[in-house]
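upload.txt (compact mmCIF, C-alpha atoms)
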```
# COMPACT_ATOMS: atom_id res chain seq x y z
CA MET A 1 11.26 23.68 14.69
CA SER A 2 10.01 26.51 16.86
CA LEU A 3 6.92 25.74 18.90
CA LEU A 4 4.58 28.69 19.31
CA ILE A 5 1.45 28.52 21.42
CA ASN A 6 -0.80 30.37 18.95
CA ARG A 7 -0.15 28.04 16.00
CA SER A 8 -2.69 25.41 15.12
CA SER A 9 -2.10 21.74 15.72
CA PRO A 10 -2.08 20.89 11.97
CA THR A 11 0.62 23.51 11.41
CA ILE A 12 2.75 22.11 14.20
CA TRP A 13 2.32 18.52 12.98
CA HIS A 14 3.11 19.62 9.43
CA GLU A 15 6.43 21.06 10.63
CA VAL A 16 7.16 17.90 12.60
CA ILE A 17 6.47 15.74 9.54
CA LYS A 18 8.58 17.97 7.25
CA THR A 19 11.48 17.88 9.71
CA ALA A 20 11.23 14.08 9.95
CA GLU A 21 11.12 13.78 6.16
CA ASP A 22 14.27 15.90 5.90
CA ARG A 23 15.95 13.88 8.63
CA CYS A 24 15.47 10.62 6.73
CA SER A 25 15.71 12.06 3.18
CA ILE A 26 12.14 11.15 2.26
CA ALA A 27 9.60 13.32 0.49
CA LEU A 28 6.03 12.12 0.96
CA ASN A 29 3.43 13.30 -1.53
CA ALA A 30 0.94 15.90 -0.30
CA GLU A 31 -1.87 13.37 0.10
CA LEU A 32 0.21 11.12 2.38
CA GLU A 33 1.49 14.11 4.36
CA THR A 34 -2.07 15.33 4.92
CA TYR A 35 -3.22 11.85 5.95
CA LEU A 36 -0.29 11.49 8.33
CA ILE A 37 -0.97 14.89 9.93
CA SER A 38 -4.62 13.96 10.39
CA LEU A 39 -3.61 10.60 11.85
CA LEU A 40 -1.26 12.18 14.37
CA ILE A 41 -3.92 14.68 15.41
CA ARG A 42 -6.54 11.94 15.86
CA TYR A 43 -4.28 9.70 17.93
CA SER A 44 -2.21 12.23 19.88
CA ASN A 45 -4.30 11.72 23.03
CA ARG A 46 -4.92 7.98 22.73
CA PRO A 47 -2.89 6.05 25.32
CA ASP A 48 -5.05 2.96 24.66
CA LEU A 49 -3.20 2.29 21.39
CA ALA A 50 -0.85 -0.26 22.93
CA GLN A 51 -3.63 -2.14 24.72
CA GLN A 52 -5.11 -3.68 21.60
CA ILE A 53 -4.31 -6.98 19.92
CA PHE A 54 -4.21 -5.85 16.31
CA ALA A 55 -4.74 -9.25 14.66
CA LYS A 56 -7.85 -9.80 16.77
CA ALA A 57 -9.20 -6.36 15.84
CA PHE A 58 -8.47 -7.13 12.18
CA MET A 59 -10.37 -10.44 12.30
CA GLU A 60 -13.29 -8.84 14.13
CA ALA A 61 -13.42 -6.05 11.55
CA LEU A 62 -13.78 -8.58 8.75
CA GLN A 63 -17.03 -9.80 10.32
CA LEU A 64 -18.68 -6.37 10.16
CA ARG A 65 -20.85 -4.83 7.45
CA GLU A 66 -18.91 -3.01 4.73
CA ARG A 67 -19.07 0.53 6.12
CA GLU A 68 -18.22 -0.49 9.69
CA ARG A 69 -15.61 -2.95 8.39
CA ASN A 70 -13.84 -0.23 6.43
CA VAL A 71 -13.76 2.12 9.43
CA ALA A 72 -12.49 -0.66 11.71
CA LEU A 73 -9.83 -1.73 9.19
CA GLN A 74 -8.71 1.88 8.80
CA HIS A 75 -8.24 2.02 12.57
CA VAL A 76 -6.21 -1.20 12.47
CA GLY A 77 -4.02 0.13 9.65
CA ASP A 78 -3.57 3.47 11.40
CA GLN A 79 -2.70 1.91 14.71
CA CYS A 80 -0.25 -0.54 13.14
CA LEU A 81 1.42 2.36 11.33
CA LEU A 82 1.68 4.41 14.51
CA TYR A 83 2.97 1.47 16.51
CA ALA A 84 5.59 0.54 13.89
CA GLY A 85 6.60 4.16 13.48
CA LEU A 86 6.47 5.58 16.97
CA TYR A 87 6.84 2.56 19.26
CA PRO A 88 9.04 -0.07 17.56
CA GLN A 89 10.92 -0.77 20.80
CA ALA A 90 7.63 -1.59 22.54
CA ALA A 91 7.04 -4.33 19.97
CA GLU A 92 10.51 -5.66 20.64
CA LYS A 93 9.82 -5.76 24.38
CA LYS A 94 6.68 -7.80 23.70
CA HIS A 95 8.74 -10.18 21.52
CA VAL A 96 6.73 -9.24 18.45
CA LYS A 97 8.56 -8.57 15.21
CA LEU A 98 7.94 -5.24 13.52
CA HIS A 99 6.96 -7.27 10.48
CA TYR A 100 3.71 -8.18 12.28
CA PHE A 101 2.57 -4.54 12.39
CA VAL A 102 3.79 -3.80 8.88
CA ASP A 103 2.07 -6.80 7.30
CA LEU A 104 -1.17 -6.32 9.20
CA GLY A 105 -1.26 -2.58 8.51
CA ARG A 106 -0.57 -3.07 4.81
CA VAL A 107 -3.32 -5.66 4.47
CA ALA A 108 -5.80 -3.50 6.38
CA TYR A 109 -5.16 -0.51 4.12
CA ALA A 110 -5.17 -2.60 0.94
CA THR A 111 -8.48 -4.20 1.96
CA ILE A 112 -10.27 -0.86 2.21
CA SER A 113 -8.67 0.60 -0.90
CA THR A 114 -11.16 1.15 -3.72
CA THR A 115 -8.70 2.08 -6.49
CA VAL A 116 -4.98 1.85 -7.08
CA ASN A 117 -4.79 5.63 -6.81
CA ASP A 118 -6.47 6.23 -3.45
CA VAL A 119 -4.72 7.11 -0.21
CA TYR A 120 -5.22 3.65 1.31
CA TRP A 121 -3.51 1.97 -1.63
CA SER A 122 -0.65 4.46 -1.28
CA LEU A 123 -0.42 3.71 2.44
CA ALA A 124 -0.35 -0.04 1.76
CA LEU A 125 2.41 0.35 -0.84
CA GLN A 126 4.45 2.95 1.04
CA PHE A 127 3.89 1.68 4.58
CA ILE A 128 7.63 1.32 5.24
CA VAL A 129 8.40 4.81 3.90
CA VAL A 130 5.73 6.38 6.13
CA MET A 131 6.95 4.23 9.05
CA ASP A 132 10.46 5.59 8.44
CA VAL A 133 9.16 9.17 8.62
CA LEU A 134 7.33 8.42 11.87
CA GLN A 135 10.42 6.78 13.35
CA SER A 136 12.37 9.93 12.49
CA ILE A 137 9.97 12.02 14.59
CA ARG A 138 11.04 10.39 17.81
CA PRO A 139 13.92 11.89 19.78
CA HIS A 140 17.00 9.67 19.69
CA SER A 141 15.46 7.78 16.81
CA ASP A 142 18.63 6.17 15.51
CA LEU A 143 18.49 2.44 15.51
CA LEU A 144 21.11 0.19 17.02
CA PRO A 145 23.09 -1.82 14.44
CA LEU A 146 21.08 -5.03 14.83
CA GLN A 147 17.75 -3.14 14.75
CA ALA A 148 18.85 -1.28 11.63
CA TYR A 149 19.94 -4.52 9.96
CA GLU A 150 16.64 -6.25 10.76
CA GLN A 151 14.52 -3.34 9.54
CA TRP A 152 16.52 -3.10 6.34
CA ASN A 153 16.85 -6.84 5.72
CA GLU A 154 13.28 -7.83 6.65
CA LEU A 155 11.31 -4.72 5.70
CA GLY A 156 13.45 -2.92 3.14
CA SER A 157 13.66 0.27 5.19
CA GLN A 158 15.93 2.73 3.40
CA ARG A 159 16.25 4.79 6.57
CA ALA A 160 17.53 1.70 8.39
CA LEU A 161 19.98 1.05 5.54
CA LYS A 162 21.42 4.57 5.87
CA ILE A 163 21.78 4.13 9.62
CA LEU A 164 23.40 0.72 9.12
CA GLN A 165 25.83 2.19 6.57
CA SER A 166 26.77 4.89 9.06
CA TYR A 167 27.79 2.14 11.49
CA THR A 168 29.61 -0.06 8.99
CA ARG A 169 30.83 2.46 6.41
CA GLY A 170 30.01 -0.21 3.86
CA ILE A 171 27.21 -1.83 1.97
CA PRO A 172 25.61 -4.73 3.85
CA THR A 173 24.25 -7.78 2.07
CA LYS A 174 20.82 -9.27 2.58
CA THR A 175 20.43 -12.72 4.08
CA ARG A 176 17.22 -13.50 2.23
```
Encoding of this model in structure tokens:
Amino acid sequence: MSLLINRSSPTIWHEVIKTAEDRCSIALNAELETYLISLLIRYSNRPDLAQQIFAKAFMEALQLRERERNVALQHVGDQCLLYAGLYPQAAEKKHVKLHYFVDLGRVAYATISTTVNDVYWSLALQFIVVMDVLQSIRPHSDLLPLQAYEQWNELGSQRALKILQSYTRGIPTKTR
């Protein structure tokens, strides 16, 4: 990816997403790509992301009126997706399983979905796939063997499975 000053932020993020998709052999549909680009643009200057307790924000959102609730739940889903995708080691340092962010993010998106064909339903269903793409954005994004095993075994991450197979040269078995 060549970074040119005169290119727009959406164009740059689109290239970053496409490169990450290629890196982990995933092809997101256009709607999810567009949503992900928008998400990265909205949160690129938000260092407060890690300061929030997501479950608390989720519970508080449920107490709001429908319109405010949907906006607040979208923020929870978005932040969980970003955290799981871009900062999985930070969760580990806080002794919080990645599953926490995945489950909470999925439920937040599913709650605001209005049909089985809308973008929020797609995000809820494909949370792990989008998380894999985000994890592939980060430099040195390969997982250690135990991290890869946990993400594959607990979350079903196909990216983690490929990384795990590169370590073992075999097919691992699930413990669940």
Near-Ser38 of chain A list (12 Å; only C-alpha atoms; drop same-chain fewer than 4 positions) as number ranges by chain: A: 9-14, 17, 31-34, 42-44, 78
Would you save the residues from that selection as a tab-separated table (two decimals), keeping the file's coordinate frame, using C-alpha atoms?
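Output (selection_22.tsv):
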```tsv
chain	number	residue	atom	x	y	z
A	9	SER	CA	-2.10	21.74	15.72
A	10	PRO	CA	-2.08	20.89	11.97
A	11	THR	CA	0.62	23.51	11.41
A	12	ILE	CA	2.75	22.11	14.20
A	13	TRP	CA	2.32	18.52	12.98
A	14	HIS	CA	3.11	19.62	9.43
A	17	ILE	CA	6.47	15.74	9.54
A	31	GLU	CA	-1.87	13.37	0.10
A	32	LEU	CA	0.21	11.12	2.38
A	33	GLU	CA	1.49	14.11	4.36
A	34	THR	CA	-2.07	15.33	4.92
A	42	ARG	CA	-6.54	11.94	15.86
A	43	TYR	CA	-4.28	9.70	17.93
A	44	SER	CA	-2.21	12.23	19.88
A	78	ASP	CA	-3.57	3.47	11.40
```
Listing only residues of segment 101-164 of chain A within 8 Å of segment 70-74 of chain A, what is the closest atom pair and its distance in Å (to one decimal) for each, using all atoms listed in the file, sorted by chain and residue number ascending, as a tab-separated table?
```
residue	atom	partner	partner_atom	distance
A:Ala108	CA	A:Leu73	CA	5.2
A:Tyr109	CA	A:Gln74	CA	6.3
A:Thr111	CA	A:Leu73	CA	7.8
A:Ile112	CA	A:Asn70	CA	5.6
```
Counting all atoms listed in the file, the option among A:Ala57, A:Leu104, A:Asn153, A:Leu144 closest to Thr168 of chain A: A:Leu144
Atom CA of Ile41 of chain A to atom CA of Asp118 of chain A, distance in Å rounded to a single decimal: 20.8 Å
Pick from A:Phe127, A:Tyr149, A:Phe54, A:Tyr87, whichever lies nearest to Tyr100 of chain A using only C-alpha atoms: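 Closest candidate: A:Phe54.
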Surrounding residues of segment 88-96 of chain A excluding itself and chain neighbours under 5 positions, 10 Å, all atoms listed in the file, as a ChimeraX atom specification: /A:50,82-83,101,131,135,143,147
Option closest in space to Ala110 of chain A, from A:Gly77, A:Asp142, A:Glu154, A:Leu134 [counting only C-alpha atoms]: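 The answer is A:Gly77, which sits nearest to Ala110 of chain A.
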